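One file, input32.pdb, is given below (PDB, C-alpha atoms).
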ATOM      1  CA  MET A  75     222.424 192.690 164.454
ATOM      2  CA  LYS A  76     224.584 191.735 161.489
ATOM      3  CA  ALA A  77     227.925 190.146 162.248
ATOM      4  CA  VAL A  78     230.708 188.364 160.408
ATOM      5  CA  VAL A  79     230.884 184.828 161.761
ATOM      6  CA  ILE A  80     233.631 182.215 161.417
ATOM      7  CA  SER A  81     231.510 179.203 160.460
ATOM      8  CA  ARG A  82     234.454 176.776 160.816
ATOM      9  CA  PRO A  83     238.254 177.007 160.641
ATOM     10  CA  GLY A  84     239.534 177.557 157.133
ATOM     11  CA  SER A  85     240.024 179.944 154.236
ATOM     12  CA  PRO A  86     238.264 183.314 153.836
ATOM     13  CA  ALA A  87     235.344 181.377 152.372
ATOM     14  CA  VAL A  88     234.328 180.306 155.912
ATOM     15  CA  LEU A  89     233.436 183.905 156.822
ATOM     16  CA  GLU A  90     229.673 184.379 156.731
ATOM     17  CA  ILE A  91     227.486 187.405 157.418
ATOM     18  CA  GLY A  92     224.709 186.350 159.759
ATOM     19  CA  ASP A  93     222.563 187.473 162.664
ATOM     20  CA  ALA A  94     223.839 187.684 166.238
ATOM     21  CA  ALA A  95     222.379 188.916 169.501
ATOM     22  CA  LYS A  96     222.966 192.593 170.185
ATOM     23  CA  PRO A  97     225.129 192.855 173.322
ATOM     24  CA  GLU A  98     223.822 194.592 176.427
ATOM     25  CA  PRO A  99     226.278 196.859 178.262
ATOM     26  CA  ARG A 100     227.240 195.607 181.705
ATOM     27  CA  PRO A 101     228.144 197.937 184.578
ATOM     28  CA  GLY A 102     231.146 200.044 183.608
ATOM     29  CA  SER A 103     230.777 199.177 179.922
ATOM     30  CA  ILE A 104     229.257 200.764 176.838
ATOM     31  CA  ARG A 105     227.627 199.468 173.682
ATOM     32  CA  VAL A 106     229.110 200.885 170.483
ATOM     33  CA  ARG A 107     227.419 201.125 167.090
ATOM     34  CA  VAL A 108     230.341 200.082 164.898
ATOM     35  CA  ARG A 109     230.819 202.080 161.711
ATOM     36  CA  ALA A 110     234.127 200.577 160.591
ATOM     37  CA  PHE A 111     236.672 198.010 161.725
ATOM     38  CA  ALA A 112     240.167 197.067 160.618
ATOM     39  CA  VAL A 113     241.444 193.640 159.607
ATOM     40  CA  ASN A 114     244.478 192.353 161.506
ATOM     41  CA  ARG A 115     246.686 189.296 161.072
ATOM     42  CA  ALA A 116     245.350 187.955 164.352
ATOM     43  CA  ASP A 117     241.944 187.771 162.622
ATOM     44  CA  LEU A 118     243.429 185.632 159.856
ATOM     45  CA  LEU A 119     244.910 183.268 162.433
ATOM     46  CA  GLN A 120     241.662 183.096 164.397
ATOM     47  CA  ARG A 121     239.778 182.295 161.187
ATOM     48  CA  ARG A 122     242.180 179.401 160.548
ATOM     49  CA  GLY A 123     241.658 178.081 164.085
ATOM     50  CA  LEU A 124     245.201 178.963 165.149
ATOM     51  CA  TYR A 125     244.572 181.868 167.550
ATOM     52  CA  PRO A 126     241.613 181.410 169.905
ATOM     53  CA  ALA A 127     240.034 184.502 171.403
ATOM     54  CA  PRO A 128     240.663 185.154 175.115
ATOM     55  CA  PRO A 129     238.223 183.665 177.659
ATOM     56  CA  GLY A 130     234.924 185.511 177.769
ATOM     57  CA  VAL A 131     235.313 186.861 174.221
ATOM     58  CA  SER A 132     233.391 185.624 171.186
ATOM     59  CA  GLN A 133     235.227 182.827 169.380
ATOM     60  CA  GLU A 134     233.003 183.129 166.306
ATOM     61  CA  ILE A 135     233.026 186.901 165.678
ATOM     62  CA  PRO A 136     236.572 188.204 165.099
ATOM     63  CA  GLY A 137     237.845 191.777 165.184
ATOM     64  CA  LEU A 138     240.258 193.628 167.451
ATOM     65  CA  GLU A 139     239.593 197.313 166.697
ATOM     66  CA  TYR A 140     236.703 199.536 165.761
ATOM     67  CA  ALA A 141     235.413 203.054 165.269
ATOM     68  CA  GLY A 142     231.822 204.046 165.885
ATOM     69  CA  GLU A 143     229.340 205.814 168.139
ATOM     70  CA  VAL A 144     228.334 205.192 171.742
ATOM     71  CA  ASP A 145     224.900 203.580 171.576
ATOM     72  CA  ALA A 146     224.119 202.747 175.213
ATOM     73  CA  LEU A 147     225.711 203.070 178.664
ATOM     74  CA  GLY A 148     226.025 200.516 181.412
ATOM     75  CA  ASP A 149     225.514 201.455 185.052
ATOM     76  CA  GLY A 150     228.193 203.671 186.520
ATOM     77  CA  VAL A 151     229.595 205.004 183.244
ATOM     78  CA  ARG A 152     230.607 208.655 183.402
ATOM     79  CA  GLY A 153     232.214 210.946 180.840
ATOM     80  CA  LEU A 154     230.525 209.448 177.779
ATOM     81  CA  VAL A 155     227.073 209.981 176.302
ATOM     82  CA  PRO A 156     225.196 208.271 173.464
ATOM     83  CA  GLY A 157     226.369 209.661 170.142
ATOM     84  CA  ASP A 158     229.991 210.209 171.177
ATOM     85  CA  ARG A 159     232.380 209.137 168.432
ATOM     86  CA  VAL A 160     234.828 206.572 169.807
ATOM     87  CA  MET A 161     237.478 204.087 168.719
ATOM     88  CA  GLY A 162     239.297 201.357 170.575
ATOM     89  CA  ILE A 163     240.670 197.850 170.909
ATOM     90  CA  VAL A 164     238.734 194.777 172.005
ATOM     91  CA  GLY A 165     239.600 191.125 172.516
ATOM     92  CA  GLY A 166     237.247 190.182 169.678
ATOM     93  CA  GLY A 167     233.796 190.856 168.292
ATOM     94  CA  ALA A 168     234.492 194.004 166.260
ATOM     95  CA  TYR A 169     233.222 192.445 162.998
ATOM     96  CA  ALA A 170     229.653 193.349 163.970
ATOM     97  CA  GLU A 171     227.187 196.212 163.945
ATOM     98  CA  TYR A 172     227.415 196.486 167.745
ATOM     99  CA  LEU A 173     229.956 195.555 170.392
ATOM    100  CA  GLU A 174     230.388 195.915 174.137
ATOM    101  CA  THR A 175     233.583 197.291 175.658
ATOM    102  CA  PRO A 176     234.755 198.717 178.997
ATOM    103  CA  ALA A 177     234.039 202.435 178.951
ATOM    104  CA  ASP A 178     237.594 203.349 179.938
ATOM    105  CA  HIS A 179     238.929 201.462 176.905
ATOM    106  CA  ALA A 180     236.969 203.645 174.479
ATOM    107  CA  VAL A 181     238.851 206.672 173.170
ATOM    108  CA  CYS A 182     237.008 209.738 171.876
ATOM    109  CA  MET A 183     238.036 210.437 168.295
ATOM    110  CA  PRO A 184     239.394 213.822 167.194
ATOM    111  CA  GLN A 185     236.664 215.870 165.585
ATOM    112  CA  SER A 186     238.339 215.862 162.183
ATOM    113  CA  MET A 187     238.911 212.084 162.102
ATOM    114  CA  THR A 188     236.626 209.911 160.002
ATOM    115  CA  PHE A 189     235.399 206.499 161.100
ATOM    116  CA  LEU A 190     237.471 204.856 158.352
ATOM    117  CA  VAL A 191     240.654 206.423 159.696
ATOM    118  CA  GLY A 192     239.611 205.874 163.307
ATOM    119  CA  ALA A 193     239.250 202.150 162.708
ATOM    120  CA  ALA A 194     242.848 202.045 161.476
ATOM    121  CA  VAL A 195     244.311 203.716 164.578
ATOM    122  CA  PRO A 196     243.848 201.797 167.857
ATOM    123  CA  GLU A 197     245.561 198.428 167.451
ATOM    124  CA  VAL A 198     248.639 199.672 165.611
ATOM    125  CA  TYR A 199     249.242 202.927 167.462
ATOM    126  CA  ILE A 200     248.618 201.452 170.908
ATOM    127  CA  THR A 201     250.914 198.517 170.054
ATOM    128  CA  ALA A 202     253.657 200.716 168.577
ATOM    129  CA  HIS A 203     253.477 203.271 171.390
ATOM    130  CA  ASP A 204     253.591 200.580 174.065
ATOM    131  CA  ALA A 205     256.586 198.946 172.357
ATOM    132  CA  LEU A 206     258.512 202.232 172.196
ATOM    133  CA  GLU A 207     257.692 202.979 175.826
ATOM    134  CA  ARG A 208     258.936 199.546 176.872
ATOM    135  CA  LEU A 209     262.093 200.025 174.820
ATOM    136  CA  GLY A 210     262.653 203.477 176.328
ATOM    137  CA  VAL A 211     263.512 205.020 172.956
ATOM    138  CA  VAL A 212     264.960 208.525 173.193
ATOM    139  CA  ALA A 213     266.157 211.167 170.738
ATOM    140  CA  ALA A 214     269.070 210.409 168.409
ATOM    141  CA  GLU A 215     268.849 206.617 168.853
ATOM    142  CA  TRP A 216     268.572 204.317 165.847
ATOM    143  CA  VAL A 217     265.516 202.048 165.948
ATOM    144  CA  LEU A 218     265.186 199.030 163.656
ATOM    145  CA  VAL A 219     261.630 198.192 162.564
ATOM    146  CA  HIS A 220     260.926 195.029 160.586
ATOM    147  CA  ALA A 221     257.902 194.924 158.243
ATOM    148  CA  ILE A 222     257.977 198.695 157.976
ATOM    149  CA  GLY A 223     255.037 198.697 155.555
ATOM    150  CA  SER A 224     252.675 196.964 157.988
ATOM    151  CA  GLY A 225     250.145 198.807 160.098
ATOM    152  CA  VAL A 226     252.297 198.657 163.229
ATOM    153  CA  GLY A 227     255.384 199.413 161.135
ATOM    154  CA  THR A 228     253.975 202.631 159.684
ATOM    155  CA  ALA A 229     252.730 203.694 163.119
ATOM    156  CA  ALA A 230     256.062 202.951 164.823
ATOM    157  CA  LEU A 231     257.968 204.792 162.102
ATOM    158  CA  GLN A 232     256.031 207.997 162.720
ATOM    159  CA  LEU A 233     256.214 207.746 166.503
ATOM    160  CA  ILE A 234     259.974 207.203 166.306
ATOM    161  CA  GLY A 235     260.269 210.441 164.349
ATOM    162  CA  VAL A 236     258.224 212.349 166.928
ATOM    163  CA  ARG A 237     260.701 211.220 169.585
ATOM    164  CA  GLY A 238     263.572 212.633 167.547
ATOM    165  CA  ALA A 239     265.002 209.167 166.974
ATOM    166  CA  HIS A 240     266.100 207.622 163.657
ATOM    167  CA  CYS A 241     264.338 204.738 161.937
ATOM    168  CA  VAL A 242     265.881 202.008 159.820
ATOM    169  CA  GLY A 243     263.167 199.848 158.311
ATOM    170  CA  THR A 244     263.037 196.558 156.480
ATOM    171  CA  SER A 245     260.733 195.068 153.888
ATOM    172  CA  ARG A 246     260.841 192.477 151.147
ATOM    173  CA  THR A 247     259.655 194.966 148.515
ATOM    174  CA  GLU A 248     261.280 198.155 147.234
ATOM    175  CA  ASP A 249     257.929 199.870 146.791
ATOM    176  CA  LYS A 250     257.130 199.639 150.506
ATOM    177  CA  LEU A 251     260.566 200.978 151.391
ATOM    178  CA  ALA A 252     260.052 203.915 149.029
ATOM    179  CA  ARG A 253     256.670 204.719 150.578
ATOM    180  CA  ALA A 254     258.089 204.415 154.093
ATOM    181  CA  ARG A 255     260.705 207.043 153.218
ATOM    182  CA  THR A 256     257.891 209.535 152.602
ATOM    183  CA  LEU A 257     256.816 208.969 156.242
ATOM    184  CA  GLY A 258     260.277 209.691 157.623
ATOM    185  CA  MET A 259     262.208 206.431 157.433
ATOM    186  CA  GLU A 260     265.876 207.391 157.100
ATOM    187  CA  TYR A 261     267.295 204.110 155.844
ATOM    188  CA  GLY A 262     265.607 201.112 154.271
ATOM    189  CA  VAL A 263     266.821 197.574 153.693
ATOM    190  CA  ASN A 264     265.339 194.909 151.426
ATOM    191  CA  THR A 265     265.568 191.650 153.385
ATOM    192  CA  SER A 266     264.445 189.355 150.577
ATOM    193  CA  GLY A 267     266.784 186.373 150.463
ATOM    194  CA  ARG A 268     269.878 188.061 151.795
ATOM    195  CA  ASN A 269     271.984 188.712 154.875
ATOM    196  CA  PHE A 270     271.352 192.318 155.859
ATOM    197  CA  ALA A 271     272.980 192.651 159.291
ATOM    198  CA  ALA A 272     276.274 194.085 158.003
ATOM    199  CA  GLU A 273     274.429 196.761 156.022
ATOM    200  CA  ILE A 274     272.402 197.865 159.027
ATOM    201  CA  LEU A 275     275.487 197.950 161.232
ATOM    202  CA  ARG A 276     277.110 200.310 158.716
ATOM    203  CA  ALA A 277     274.001 202.468 158.277
ATOM    204  CA  THR A 278     273.573 202.939 162.025
ATOM    205  CA  ASP A 279     277.272 203.426 162.746
ATOM    206  CA  GLY A 280     277.631 200.375 164.938
ATOM    207  CA  GLY A 281     274.136 199.002 165.390
ATOM    208  CA  ALA A 282     270.595 199.890 166.362
ATOM    209  CA  ALA A 283     269.924 200.848 169.973
ATOM    210  CA  ALA A 284     266.440 199.316 169.821
ATOM    211  CA  ALA A 285     264.414 197.068 167.549
ATOM    212  CA  ILE A 286     260.740 196.291 167.019
ATOM    213  CA  ASP A 287     260.520 192.819 165.476
ATOM    214  CA  LEU A 288     257.190 192.180 163.776
ATOM    215  CA  VAL A 289     258.452 189.149 161.859
ATOM    216  CA  GLY A 290     260.440 186.755 164.052
ATOM    217  CA  GLY A 291     261.348 183.445 162.454
ATOM    218  CA  SER A 292     264.511 183.352 160.353
ATOM    219  CA  LEU A 293     264.970 187.144 160.624
ATOM    220  CA  PHE A 294     265.410 187.051 164.396
ATOM    221  CA  PRO A 295     269.056 185.850 164.479
ATOM    222  CA  GLN A 296     270.014 188.658 162.084
ATOM    223  CA  THR A 297     268.081 191.138 164.206
ATOM    224  CA  LEU A 298     270.366 190.310 167.115
ATOM    225  CA  GLU A 299     273.411 190.848 164.888
ATOM    226  CA  CYS A 300     272.056 194.294 163.938
ATOM    227  CA  MET A 301     272.040 195.543 167.510
ATOM    228  CA  ALA A 302     274.521 197.838 169.214
ATOM    229  CA  SER A 303     275.992 196.934 172.572
ATOM    230  CA  ARG A 304     273.268 196.841 175.257
ATOM    231  CA  GLY A 305     270.599 197.026 172.592
ATOM    232  CA  ARG A 306     266.938 196.370 173.375
ATOM    233  CA  VAL A 307     264.713 194.127 171.255
ATOM    234  CA  ILE A 308     260.959 193.707 171.559
ATOM    235  CA  VAL A 309     259.215 190.917 169.644
ATOM    236  CA  VAL A 310     255.702 191.951 168.632
ATOM    237  CA  GLY A 311     254.796 189.647 165.740
ATOM    238  CA  LEU A 312     255.691 186.265 164.307
ATOM    239  CA  THR A 313     254.644 186.478 160.660
ATOM    240  CA  GLY A 314     257.965 184.873 159.712
ATOM    241  CA  GLY A 315     257.512 181.921 162.062
ATOM    242  CA  ARG A 316     257.548 180.969 165.736
ATOM    243  CA  THR A 317     260.987 179.359 165.860
ATOM    244  CA  ALA A 318     264.547 180.482 165.150
ATOM    245  CA  GLN A 319     268.044 179.090 165.611
ATOM    246  CA  VAL A 320     269.867 181.685 167.719
ATOM    247  CA  ASP A 321     273.517 182.085 168.662
ATOM    248  CA  LEU A 322     273.186 182.797 172.364
ATOM    249  CA  GLY A 323     276.730 184.113 172.353
ATOM    250  CA  VAL A 324     275.519 187.199 170.454
ATOM    251  CA  ILE A 325     273.107 187.997 173.288
ATOM    252  CA  LEU A 326     275.863 187.663 175.855
ATOM    253  CA  ARG A 327     278.528 189.508 173.874
ATOM    254  CA  LYS A 328     276.278 192.452 173.110
ATOM    255  CA  ARG A 329     274.505 192.326 176.492
ATOM    256  CA  LEU A 330     271.144 192.479 174.777
ATOM    257  CA  ARG A 331     267.749 192.820 176.435
ATOM    258  CA  ILE A 332     264.975 190.858 174.712
ATOM    259  CA  GLU A 333     261.276 191.130 175.520
ATOM    260  CA  GLY A 334     258.054 189.801 174.052
ATOM    261  CA  THR A 335     254.684 191.517 174.099
ATOM    262  CA  VAL A 336     251.076 190.943 173.087
ATOM    263  CA  LEU A 337     248.036 193.107 173.828
ATOM    264  CA  ARG A 338     245.132 190.778 173.199
ATOM    265  CA  SER A 339     245.677 188.339 176.053
ATOM    266  CA  ARG A 340     246.181 191.008 178.716
ATOM    267  CA  SER A 341     243.437 191.570 181.253
ATOM    268  CA  ASP A 342     241.197 194.626 181.089
ATOM    269  CA  ALA A 343     243.040 196.033 184.095
ATOM    270  CA  GLU A 344     246.389 195.650 182.324
ATOM    271  CA  LYS A 345     245.097 197.296 179.159
ATOM    272  CA  THR A 346     243.648 200.342 180.928
ATOM    273  CA  PRO A 347     246.941 202.187 181.694
ATOM    274  CA  ILE A 348     248.299 201.362 178.220
ATOM    275  CA  ILE A 349     245.214 202.881 176.600
ATOM    276  CA  GLN A 350     245.448 205.877 178.923
ATOM    277  CA  SER A 351     249.076 206.406 177.882
ATOM    278  CA  PHE A 352     247.981 206.309 174.232
ATOM    279  CA  ARG A 353     245.204 208.794 175.024
ATOM    280  CA  ASP A 354     247.625 211.172 176.760
ATOM    281  CA  LYS A 355     250.648 210.958 174.458
ATOM    282  CA  VAL A 356     249.537 209.805 171.002
ATOM    283  CA  LEU A 357     245.979 211.058 170.540
ATOM    284  CA  PRO A 358     247.082 214.754 170.596
ATOM    285  CA  LEU A 359     249.594 213.986 167.812
ATOM    286  CA  LEU A 360     246.817 212.497 165.705
ATOM    287  CA  ALA A 361     244.496 215.420 166.447
ATOM    288  CA  GLU A 362     247.206 217.917 165.435
ATOM    289  CA  GLY A 363     248.009 216.034 162.235
ATOM    290  CA  ARG A 364     251.631 215.413 163.251
ATOM    291  CA  ILE A 365     251.099 211.705 162.609
ATOM    292  CA  GLU A 366     248.397 209.932 160.623
ATOM    293  CA  ALA A 367     247.058 206.433 160.199
ATOM    294  CA  VAL A 368     247.897 204.927 156.828
ATOM    295  CA  VAL A 369     244.816 203.338 155.242
ATOM    296  CA  ASP A 370     245.736 201.160 152.282
ATOM    297  CA  ARG A 371     242.345 199.898 151.143
ATOM    298  CA  VAL A 372     238.692 200.008 152.222
ATOM    299  CA  PHE A 373     236.178 197.186 151.713
ATOM    300  CA  THR A 374     232.447 196.956 152.399
ATOM    301  CA  LEU A 375     231.012 194.455 154.880
ATOM    302  CA  ASP A 376     229.887 192.243 151.990
ATOM    303  CA  GLU A 377     233.520 192.186 150.805
ATOM    304  CA  VAL A 378     235.002 190.972 154.098
ATOM    305  CA  ARG A 379     236.250 187.764 152.466
ATOM    306  CA  LEU A 380     238.085 189.863 149.886
ATOM    307  CA  ALA A 381     239.586 191.947 152.699
ATOM    308  CA  HIS A 382     241.026 188.785 154.274
ATOM    309  CA  GLU A 383     242.298 187.548 150.912
ATOM    310  CA  TYR A 384     243.980 190.883 150.256
ATOM    311  CA  LEU A 385     245.716 191.053 153.643
ATOM    312  CA  GLU A 386     247.010 187.517 153.113
ATOM    313  CA  THR A 387     248.812 188.636 149.930
ATOM    314  CA  ASN A 388     251.025 190.987 152.023
ATOM    315  CA  ALA A 389     250.534 193.615 149.319
ATOM    316  CA  ASN A 390     249.138 196.200 151.723
ATOM    317  CA  PHE A 391     251.034 199.254 152.910
ATOM    318  CA  GLY A 392     249.316 200.273 156.133
ATOM    319  CA  LYS A 393     245.852 199.210 157.213
ATOM    320  CA  VAL A 394     242.972 197.328 155.604
ATOM    321  CA  VAL A 395     239.594 198.660 156.765
ATOM    322  CA  VAL A 396     236.023 197.409 156.402
ATOM    323  CA  GLN A 397     233.185 199.929 156.372
ATOM    324  CA  ILE A 398     229.905 198.790 157.904
ATOM    325  CA  ASP A 399     227.810 201.906 157.374
TER
END

Before we go any further, please render this structure as structure tokens.
Amino acid sequence: MKAVVISRPGSPAVLEIGDAAKPEPRPGSIRVRVRAFAVNRADLLQRRGLYPAPPGVSQEIPGLEYAGEVDALGDGVRGLVPGDRVMGIVGGGAYAEYLETPADHAVCMPQSMTFLVGAAVPEVYITAHDALERLGVVAAEWVLVHAIGSGVGTAALQLIGVRGAHCVGTSRTEDKLARARTLGMEYGVNTSGRNFAAEILRATDGGAAAAIDLVGGSLFPQTLECMASRGRVIVVGLTGGRTAQVDLGVILRKRLRIEGTVLRSRSDAEKTPIIQSFRDKVLPLLAEGRIEAVVDRVFTLDEVRLAHEYLETNANFGKVVVQID
């Protein structure tokens, strides 16, 4: 099978399309014929040699989410048949014509959903849904979302609206804030080179009840300042850096709860109930058209280097997808 291989750590130029062995489904697993996959920032880090894949997952073939068709079944698989259209998350290996995945991690796509859209759904909607569940967001609360124009940002924004909560989003560009407003964001803040905490405190009438931080780094101390008393913060991404100088007194004074989360390193057993929750609570919203994945740009497999280059510019609003077939 064809696969995109990281030949060595480095720039997008190290990505090569080569031949790899077609995986055989083990008991309880399926083989999927991949039709499209999305590009995530974790892929960029893995390509640079900064984010190794979990044990037992290909280190050379990146890719965390896919959409395609069931090609073969391992022993003991029930409820799926060859030809079923599925999407899902994997620990790696999605940049290939075929992949193997536990059968209970594959989610049947709504009939109206294309493979290009399906590839843009799993990682961001499962991540955003899990974050909101962990935060316990309820109606009428204000939720702060950094990097509102990212894949997870656009997914979280829509899911916040479904819950009847209010979203205040941040970005470094006015265009992304304007586009986020069309998806239901109620207040937007440009964080480029400025202190924004006071503005968010005013906009939310005293602070956000919850926050999804996809940036970290120098924004994190201001995030804490933006919170209401007993606010909840979940750190999902670190595009702004891994370190921050924090006034611990803010955490104590506001009685904040801070949590970190990552999907990729969790065991298959840990992922199963999270995927089931997505299947039960989010998939019907996608099928009904109440929410939709935002696809910014589509590349062909031969353009995978360009897809990485484009995502690294941070110009995207929503997801970057690569079509295999």

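Take the candidates A:Gly102, A:Pro347, A:Gly162, A:Gly192 and check each one against Val394 (chain A) using all atoms listed in the file; the shortest distance goes to A:Gly192.
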
A:Asp117, A:Asp287, A:Glu383, A:Asp279 ranked by distance to Trp216 (chain A), top pick (using only C-alpha atoms):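 Residue with the minimum atom-to-atom distance to Trp216 (chain A): A:Asp279.
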
Atom pair CA of Gly334 (chain A) / CA of Leu173 (chain A): separation (Å): 28.9 Å

Residues within 9 Å of Val396 (chain A), all atoms listed in the file, excluding chain neighbours under 6 positions, as JSON, numbers by chain: {"A": [109, 110, 111, 112, 113, 169, 190, 193, 371, 372, 373, 374, 375, 377, 378, 381]}

Written as an mmCIF file with C-alpha atoms, in the coordinates of the input, what is the full residue list that the PyMOL selection byres ((chain A and resi 145-155) around 10) yields on the file shown?
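Result file selection_31.cif:
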data_model
loop_
_atom_site.group_PDB
_atom_site.id
_atom_site.type_symbol
_atom_site.label_atom_id
_atom_site.label_comp_id
_atom_site.auth_asym_id
_atom_site.auth_seq_id
_atom_site.Cartn_x
_atom_site.Cartn_y
_atom_site.Cartn_z
ATOM 1 C CA GLU A 98 223.822 194.592 176.427
ATOM 2 C CA PRO A 99 226.278 196.859 178.262
ATOM 3 C CA ARG A 100 227.240 195.607 181.705
ATOM 4 C CA PRO A 101 228.144 197.937 184.578
ATOM 5 C CA GLY A 102 231.146 200.044 183.608
ATOM 6 C CA SER A 103 230.777 199.177 179.922
ATOM 7 C CA ILE A 104 229.257 200.764 176.838
ATOM 8 C CA ARG A 105 227.627 199.468 173.682
ATOM 9 C CA VAL A 106 229.110 200.885 170.483
ATOM 10 C CA ARG A 107 227.419 201.125 167.090
ATOM 11 C CA VAL A 108 230.341 200.082 164.898
ATOM 12 C CA GLY A 142 231.822 204.046 165.885
ATOM 13 C CA GLU A 143 229.340 205.814 168.139
ATOM 14 C CA VAL A 144 228.334 205.192 171.742
ATOM 15 C CA PRO A 156 225.196 208.271 173.464
ATOM 16 C CA GLY A 157 226.369 209.661 170.142
ATOM 17 C CA ASP A 158 229.991 210.209 171.177
ATOM 18 C CA ARG A 159 232.380 209.137 168.432
ATOM 19 C CA VAL A 160 234.828 206.572 169.807
ATOM 20 C CA TYR A 172 227.415 196.486 167.745
ATOM 21 C CA LEU A 173 229.956 195.555 170.392
ATOM 22 C CA GLU A 174 230.388 195.915 174.137
ATOM 23 C CA PRO A 176 234.755 198.717 178.997
ATOM 24 C CA ALA A 177 234.039 202.435 178.951
ATOM 25 C CA ASP A 178 237.594 203.349 179.938
ATOM 26 C CA ALA A 180 236.969 203.645 174.479
ATOM 27 C CA VAL A 181 238.851 206.672 173.170
ATOM 28 C CA CYS A 182 237.008 209.738 171.876
#

Computed interatomic separation between CA of Asn114 (chain A) and CA of Leu359 (chain A) (Å): 23.1 Å

Residue IDs satisfying the PyMOL selection byres ((chain A and resi 352) around 10), as a ChimeraX atom specification: /A:181,196,199-204,346-351,353-358
